[in-house]
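Next comes model-v5.cif, a file with mmCIF, C-alpha atoms.
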```cif
data_structure
loop_
_atom_site.label_atom_id
_atom_site.label_comp_id
_atom_site.auth_asym_id
_atom_site.auth_seq_id
_atom_site.Cartn_x
_atom_site.Cartn_y
_atom_site.Cartn_z
CA ALA G 397 -0.15 -17.85 2.94
CA GLN G 398 1.49 -14.64 3.95
CA ARG G 399 0.15 -12.46 6.71
CA VAL G 400 1.19 -9.26 8.44
CA THR G 401 -0.11 -8.28 11.87
CA GLN G 402 0.06 -4.84 13.42
CA PRO G 403 -1.55 -5.19 16.84
CA GLU G 404 -1.96 -1.48 17.56
CA LYS G 405 -4.46 0.56 15.56
CA LEU G 406 -3.63 3.73 17.47
CA LEU G 407 -0.48 4.82 19.25
CA SER G 408 0.14 8.13 20.96
CA VAL G 409 3.43 9.32 22.40
CA PHE G 410 4.78 12.66 23.53
CA LYS G 411 7.37 14.54 21.55
CA GLY G 412 10.86 13.37 22.45
CA ALA G 413 9.68 10.02 23.75
CA PRO G 414 10.74 6.73 22.17
CA VAL G 415 8.28 5.03 19.88
CA GLU G 416 7.93 1.45 18.72
CA LEU G 417 5.39 0.27 16.18
CA LYS G 418 4.97 -3.47 16.27
CA CYS G 419 4.80 -5.76 13.26
CA ASN G 420 4.71 -9.53 13.12
CA TYR G 421 4.56 -11.61 9.99
CA SER G 422 3.82 -15.09 8.83
CA TYR G 423 5.51 -16.49 5.74
CA SER G 424 6.92 -19.87 4.91
CA GLY G 425 9.95 -18.67 2.97
CA SER G 426 12.33 -15.73 3.22
CA PRO G 427 10.26 -12.58 2.96
CA GLU G 428 11.23 -9.04 2.26
CA LEU G 429 9.79 -6.63 4.82
CA PHE G 430 8.93 -2.97 4.40
CA TRP G 431 7.53 -0.08 6.34
CA TYR G 432 5.35 2.35 4.40
CA VAL G 433 4.10 5.67 5.75
CA GLN G 434 1.12 7.78 4.78
CA TYR G 435 1.08 11.37 5.97
CA SER G 436 -2.21 13.22 6.10
CA ARG G 437 -3.67 13.74 2.60
CA GLN G 438 -0.61 12.24 0.92
CA ARG G 439 0.04 9.01 -0.91
CA LEU G 440 1.62 5.94 0.57
CA GLN G 441 5.40 6.06 0.42
CA LEU G 442 8.22 3.76 1.34
CA LEU G 443 9.89 4.52 4.65
CA LEU G 444 12.40 1.71 4.82
CA ARG G 445 13.05 -1.90 3.89
CA HIS G 446 14.86 -4.54 5.88
CA ILE G 447 17.44 -5.38 3.23
CA SER G 448 18.77 -1.84 3.22
CA ARG G 449 19.52 -1.80 6.93
CA GLU G 450 19.31 1.96 6.88
CA SER G 451 17.86 4.62 9.12
CA ILE G 452 15.35 6.94 7.53
CA LYS G 453 14.12 10.04 9.38
CA GLY G 454 15.56 8.50 12.53
CA PHE G 455 13.52 5.31 12.16
CA THR G 456 15.07 1.85 12.16
CA ALA G 457 13.63 -1.63 11.92
CA ASP G 458 15.37 -4.94 12.44
CA LEU G 459 14.11 -8.18 11.03
CA ASN G 460 13.96 -10.82 13.76
CA LYS G 461 13.40 -14.14 12.04
CA GLY G 462 13.16 -16.02 15.33
CA GLU G 463 10.29 -13.88 16.52
CA THR G 464 9.03 -13.21 12.97
CA SER G 465 8.94 -9.53 13.79
CA PHE G 466 9.92 -6.30 12.08
CA HIS G 467 9.19 -3.60 14.63
CA LEU G 468 9.73 0.05 13.72
CA LYS G 469 11.57 2.17 16.25
CA LYS G 470 12.61 5.75 16.79
CA PRO G 471 14.36 6.95 19.94
CA PHE G 472 12.95 10.47 19.97
CA ALA G 473 9.60 11.03 18.28
CA GLN G 474 8.81 14.32 16.54
CA GLU G 475 5.42 15.89 15.86
CA GLU G 476 5.99 15.54 12.11
CA ASP G 477 6.18 11.77 12.57
CA SER G 478 2.43 11.70 13.11
CA ALA G 479 1.09 9.54 10.29
CA MET G 480 -0.33 6.15 9.39
CA TYR G 481 2.31 3.43 9.27
CA TYR G 482 1.91 0.18 7.40
CA CYS G 483 4.14 -2.85 7.67
CA ALA G 484 4.26 -4.88 4.46
CA LEU G 485 5.69 -8.16 3.28
CA SER G 486 6.75 -9.18 -0.18
CA GLY G 487 6.96 -12.83 -0.98
CA MET G 488 9.18 -14.48 -3.51
CA GLY G 489 6.53 -15.03 -6.16
CA SER G 490 7.19 -13.72 -9.64
CA ALA G 491 4.96 -10.68 -9.13
CA ARG G 492 6.23 -10.03 -5.60
CA GLN G 493 2.92 -8.72 -4.35
CA LEU G 494 2.85 -6.75 -1.14
CA THR G 495 0.72 -7.90 1.75
CA PHE G 496 -0.06 -5.08 4.17
CA GLY G 497 -0.76 -5.03 7.85
CA SER G 498 -3.80 -3.17 9.11
CA GLY G 499 -1.76 -0.08 9.92
CA THR G 500 -0.98 1.92 13.04
CA GLN G 501 -1.97 5.56 13.38
CA LEU G 502 0.83 7.29 15.25
CA THR G 503 0.14 10.59 16.95
CA VAL G 504 3.01 12.51 18.48
CA LEU G 505 1.74 14.96 21.06
CA PRO G 506 3.48 18.28 21.76
CA GLY U 62 11.64 8.56 -6.45
CA ALA U 63 9.51 7.37 -9.32
CA VAL U 64 6.03 8.80 -9.79
CA VAL U 65 2.76 6.98 -10.26
CA SER U 66 -0.18 9.11 -11.30
CA GLN U 67 -3.73 7.97 -10.72
CA HIS U 68 -6.75 9.63 -12.28
CA PRO U 69 -9.32 10.70 -11.31
CA SER U 70 -8.66 11.36 -7.66
CA ARG U 71 -12.35 11.51 -6.91
CA VAL U 72 -15.43 10.35 -8.80
CA ILE U 73 -19.11 10.18 -8.06
CA CYS U 74 -21.30 8.08 -10.32
CA LYS U 75 -24.83 6.77 -10.48
CA SER U 76 -25.60 3.19 -9.66
CA GLY U 77 -25.44 1.01 -12.75
CA THR U 78 -22.86 3.06 -14.61
CA SER U 79 -19.22 2.08 -15.24
CA VAL U 80 -16.21 3.98 -14.02
CA LYS U 81 -12.67 3.83 -15.36
CA ILE U 82 -9.64 4.61 -13.22
CA GLU U 83 -6.24 5.14 -14.82
CA CYS U 84 -2.84 4.43 -13.33
CA ARG U 85 0.26 5.70 -15.08
CA SER U 86 3.94 5.36 -14.32
CA LEU U 87 5.35 8.71 -15.35
CA ASP U 88 9.08 8.18 -15.44
CA PHE U 89 9.61 4.44 -15.50
CA GLN U 90 8.27 1.35 -17.18
CA ALA U 91 6.14 -0.90 -15.05
CA THR U 92 5.72 -4.45 -16.27
CA THR U 93 3.58 -5.13 -13.21
CA MET U 94 1.01 -2.92 -11.55
CA PHE U 95 -1.15 -3.70 -8.55
CA TRP U 96 -4.66 -2.60 -7.67
CA TYR U 97 -5.75 -2.26 -4.05
CA ARG U 98 -8.97 -1.41 -2.33
CA GLN U 99 -9.02 0.32 1.02
CA PHE U 100 -12.07 0.53 3.26
CA PRO U 101 -12.29 3.28 5.88
CA LYS U 102 -9.81 2.79 8.71
CA GLN U 103 -8.72 -0.53 7.24
CA SER U 104 -5.67 -1.80 5.43
CA LEU U 105 -5.03 -2.06 1.73
CA MET U 106 -6.42 -5.23 0.23
CA LEU U 107 -4.84 -6.48 -2.95
CA MET U 108 -7.46 -6.92 -5.65
CA ALA U 109 -5.39 -7.95 -8.63
CA THR U 110 -1.97 -7.96 -10.23
CA SER U 111 -1.87 -6.39 -13.66
CA ASN U 112 0.70 -7.67 -16.12
CA GLU U 113 1.53 -5.77 -19.28
CA GLY U 114 0.26 -7.57 -22.33
CA SER U 115 -1.48 -10.38 -20.49
CA LYS U 116 -4.50 -11.06 -18.34
CA ALA U 117 -4.61 -9.78 -14.80
CA THR U 118 -4.32 -12.13 -11.87
CA TYR U 119 -7.18 -11.63 -9.45
CA GLU U 120 -7.16 -12.35 -5.75
CA GLN U 121 -9.65 -14.78 -4.33
CA GLY U 122 -13.08 -13.24 -3.91
CA VAL U 123 -12.57 -10.43 -6.42
CA GLU U 124 -15.04 -10.52 -9.29
CA LYS U 125 -13.24 -10.42 -12.62
CA ASP U 126 -16.34 -9.32 -14.47
CA LYS U 127 -16.94 -6.40 -12.15
CA PHE U 128 -13.38 -5.14 -11.84
CA LEU U 129 -11.96 -5.15 -15.34
CA ILE U 130 -8.24 -4.56 -15.59
CA ASN U 131 -6.34 -3.69 -18.71
CA HIS U 132 -2.60 -3.19 -18.86
CA ALA U 133 -2.09 -2.19 -22.47
CA SER U 134 1.31 -0.58 -22.18
CA LEU U 135 4.31 -0.46 -19.88
CA THR U 136 3.13 2.81 -18.40
CA LEU U 137 -0.64 2.46 -18.17
CA SER U 138 -3.06 0.18 -16.39
CA THR U 139 -6.78 0.81 -16.09
CA LEU U 140 -9.37 -0.47 -13.65
CA THR U 141 -12.97 -0.33 -14.79
CA VAL U 142 -15.68 -0.85 -12.21
CA ALA U 143 -18.51 -2.23 -14.29
CA SER U 144 -22.15 -1.53 -13.39
CA ALA U 145 -21.13 0.06 -10.15
CA HIS U 146 -23.29 -0.25 -7.05
CA PRO U 147 -23.13 1.60 -3.72
CA GLU U 148 -21.21 -1.28 -2.13
CA ASP U 149 -18.41 -0.64 -4.63
CA SER U 150 -17.84 2.76 -3.05
CA SER U 151 -14.33 2.72 -1.72
CA PHE U 152 -10.81 4.07 -2.05
CA TYR U 153 -8.89 2.41 -4.87
CA ILE U 154 -5.11 2.60 -5.03
CA CYS U 155 -2.69 1.45 -7.68
CA SER U 156 1.01 0.78 -7.36
CA ALA U 157 3.76 -0.11 -9.75
CA ARG U 158 7.20 -1.59 -9.65
CA ASP U 159 10.04 -0.56 -11.88
CA GLY U 160 10.42 -3.14 -14.60
CA THR U 161 14.17 -3.27 -14.15
CA GLY U 162 13.66 -5.47 -11.12
CA GLY U 163 13.52 -2.98 -8.28
CA THR U 164 11.72 -4.14 -5.19
CA GLU U 165 10.24 -0.81 -4.17
CA ALA U 166 6.61 -0.24 -5.05
CA PHE U 167 5.43 3.28 -5.90
CA PHE U 168 1.88 4.27 -5.17
CA GLY U 169 -0.67 6.45 -6.87
CA GLN U 170 -2.58 9.02 -4.87
CA GLY U 171 -5.71 6.90 -4.89
CA THR U 172 -9.22 7.34 -6.26
CA ARG U 173 -12.23 7.92 -4.03
CA LEU U 174 -15.22 6.28 -5.73
CA THR U 175 -18.70 7.09 -4.51
CA VAL U 176 -21.64 5.33 -6.11
CA VAL U 177 -24.99 6.95 -5.46
#
```

How does this structure look as structure tokens?
Amino acid sequence: AQRVTQPEKLLSVFKGAPVELKCNYSYSGSPELFWYVQYSRQRLQLLLRHISRESIKGFTADLNKGETSFHLKKPFAQEEDSAMYYCALSGMGSARQLTFGSGTQLTVLP
Amino acid sequence: GAVVSQHPSRVICKSGTSVKIECRSLDFQATTMFWYRQFPKQSLMLMATSNEGSKATYEQGVEKDKFLINHASLTLSTLTVASAHPEDSSFYICSARDGTGGTEAFFGQGTRLTVV
């Protein structure tokens, strides 16, 4: 079974401070990990995926297979980063369904 | 990015009636679409995987006879909540993957269903 855990429901940081949203996963094979973001009153959208190894909007995430983690980080948070963040895992089944974590509501304070 | 359109965005219905929700991929063909349910302040829970031209695959605990899924074409999947009851009130979200094998999933804007 595949599982994604986001231990923090709420996270508040001040503008300019570093932010880290934690994500741990459980999967027996080689998963593909994603971070999705949902801004207020908008649909869920992809922020980044581990295979791309890219930085989007200043966010990065490194897959740590030893710790089974995929934490999302940004060195200097901005107010517009305030949103709901979901970590998700896609297994290797034919349909490649996404399993979502419970989400972390990030609030960046001025 | 690709666009997934979900309709209606909000619906209120009487208990016992059926409600149909449409999910369309506007600029790509989606051989597979997914239906999620989201309770307030909770994560998205996968209900079923909809495959074009074949029966949907339901997750454990999801009633097939209550949540009817049809994926008649490569751009349209529908979810019908049959004989809806107040406990079916929820936020329903669809997503689709590009049939060319892309791994990114694109999401609809969701449908808020309220059964009174």

- Message: Give me, as JSON, numbers by chain, the residues of chain G touching chain U, with the criterion being at most 12 Å (counting only C-alpha atoms).
- Response: {"G": [399, 400, 401, 402, 405, 406, 427, 428, 429, 430, 431, 432, 433, 434, 435, 436, 437, 438, 439, 440, 441, 442, 443, 444, 445, 446, 447, 448, 480, 481, 482, 483, 484, 485, 486, 487, 488, 489, 490, 491, 492, 493, 494, 495, 496, 497, 498, 499, 500, 501]}

Can those selected residues be exported to a file as a PDB file, in the frame of the given file so that it contains C-alpha atoms?
```
ATOM      1  CA  ARG G 399       0.150 -12.460   6.710  1.00  0.00           C
ATOM      2  CA  VAL G 400       1.190  -9.260   8.440  1.00  0.00           C
ATOM      3  CA  THR G 401      -0.110  -8.280  11.870  1.00  0.00           C
ATOM      4  CA  GLN G 402       0.060  -4.840  13.420  1.00  0.00           C
ATOM      5  CA  LYS G 405      -4.460   0.560  15.560  1.00  0.00           C
ATOM      6  CA  LEU G 406      -3.630   3.730  17.470  1.00  0.00           C
ATOM      7  CA  PRO G 427      10.260 -12.580   2.960  1.00  0.00           C
ATOM      8  CA  GLU G 428      11.230  -9.040   2.260  1.00  0.00           C
ATOM      9  CA  LEU G 429       9.790  -6.630   4.820  1.00  0.00           C
ATOM     10  CA  PHE G 430       8.930  -2.970   4.400  1.00  0.00           C
ATOM     11  CA  TRP G 431       7.530  -0.080   6.340  1.00  0.00           C
ATOM     12  CA  TYR G 432       5.350   2.350   4.400  1.00  0.00           C
ATOM     13  CA  VAL G 433       4.100   5.670   5.750  1.00  0.00           C
ATOM     14  CA  GLN G 434       1.120   7.780   4.780  1.00  0.00           C
ATOM     15  CA  TYR G 435       1.080  11.370   5.970  1.00  0.00           C
ATOM     16  CA  SER G 436      -2.210  13.220   6.100  1.00  0.00           C
ATOM     17  CA  ARG G 437      -3.670  13.740   2.600  1.00  0.00           C
ATOM     18  CA  GLN G 438      -0.610  12.240   0.920  1.00  0.00           C
ATOM     19  CA  ARG G 439       0.040   9.010  -0.910  1.00  0.00           C
ATOM     20  CA  LEU G 440       1.620   5.940   0.570  1.00  0.00           C
ATOM     21  CA  GLN G 441       5.400   6.060   0.420  1.00  0.00           C
ATOM     22  CA  LEU G 442       8.220   3.760   1.340  1.00  0.00           C
ATOM     23  CA  LEU G 443       9.890   4.520   4.650  1.00  0.00           C
ATOM     24  CA  LEU G 444      12.400   1.710   4.820  1.00  0.00           C
ATOM     25  CA  ARG G 445      13.050  -1.900   3.890  1.00  0.00           C
ATOM     26  CA  HIS G 446      14.860  -4.540   5.880  1.00  0.00           C
ATOM     27  CA  ILE G 447      17.440  -5.380   3.230  1.00  0.00           C
ATOM     28  CA  SER G 448      18.770  -1.840   3.220  1.00  0.00           C
ATOM     29  CA  MET G 480      -0.330   6.150   9.390  1.00  0.00           C
ATOM     30  CA  TYR G 481       2.310   3.430   9.270  1.00  0.00           C
ATOM     31  CA  TYR G 482       1.910   0.180   7.400  1.00  0.00           C
ATOM     32  CA  CYS G 483       4.140  -2.850   7.670  1.00  0.00           C
ATOM     33  CA  ALA G 484       4.260  -4.880   4.460  1.00  0.00           C
ATOM     34  CA  LEU G 485       5.690  -8.160   3.280  1.00  0.00           C
ATOM     35  CA  SER G 486       6.750  -9.180  -0.180  1.00  0.00           C
ATOM     36  CA  GLY G 487       6.960 -12.830  -0.980  1.00  0.00           C
ATOM     37  CA  MET G 488       9.180 -14.480  -3.510  1.00  0.00           C
ATOM     38  CA  GLY G 489       6.530 -15.030  -6.160  1.00  0.00           C
ATOM     39  CA  SER G 490       7.190 -13.720  -9.640  1.00  0.00           C
ATOM     40  CA  ALA G 491       4.960 -10.680  -9.130  1.00  0.00           C
ATOM     41  CA  ARG G 492       6.230 -10.030  -5.600  1.00  0.00           C
ATOM     42  CA  GLN G 493       2.920  -8.720  -4.350  1.00  0.00           C
ATOM     43  CA  LEU G 494       2.850  -6.750  -1.140  1.00  0.00           C
ATOM     44  CA  THR G 495       0.720  -7.900   1.750  1.00  0.00           C
ATOM     45  CA  PHE G 496      -0.060  -5.080   4.170  1.00  0.00           C
ATOM     46  CA  GLY G 497      -0.760  -5.030   7.850  1.00  0.00           C
ATOM     47  CA  SER G 498      -3.800  -3.170   9.110  1.00  0.00           C
ATOM     48  CA  GLY G 499      -1.760  -0.080   9.920  1.00  0.00           C
ATOM     49  CA  THR G 500      -0.980   1.920  13.040  1.00  0.00           C
ATOM     50  CA  GLN G 501      -1.970   5.560  13.380  1.00  0.00           C
TER      51      GLN G 501
END
```

- Query: Lys418 of chain G: which residues within 7 Å, counting only C-alpha atoms, same-chain residues fewer than 3 positions away excluded, as a list of chain:residue names?
  - Reply: G:Gln402, G:Pro403, G:His467, G:Leu468

- Can you pull out every residue within 12 Å of Val123 of chain U, counting only C-alpha atoms, but drop anything in the same chain fewer than 2 positions away, and send it as a VMD selection string? chain U and resid 96 to 98 106 to 110 117 to 121 125 to 130 142 149

- Exactly which residues make up the result of the PyMOL selection byres ((chain G and resi 409) around 6) on this file, given as a VMD selection string? chain G and resid 408 410 504

For the residues in that selection, give me C-alpha atoms as a compact mmCIF listing (two decimals), keeping the file's coordinate frame.
```txt
# COMPACT_ATOMS: atom_id res chain seq x y z
CA SER G 408 0.14 8.13 20.96
CA PHE G 410 4.78 12.66 23.53
CA VAL G 504 3.01 12.51 18.48
```

- Message: Between atom CA of Cys74 of chain U and atom CA of Ala157 of chain U, what distance in Å does the model show, to one decimal?
- Response: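 Going from atom CA of Cys74 of chain U over to atom CA of Ala157 of chain U, I get 26.4 Å.
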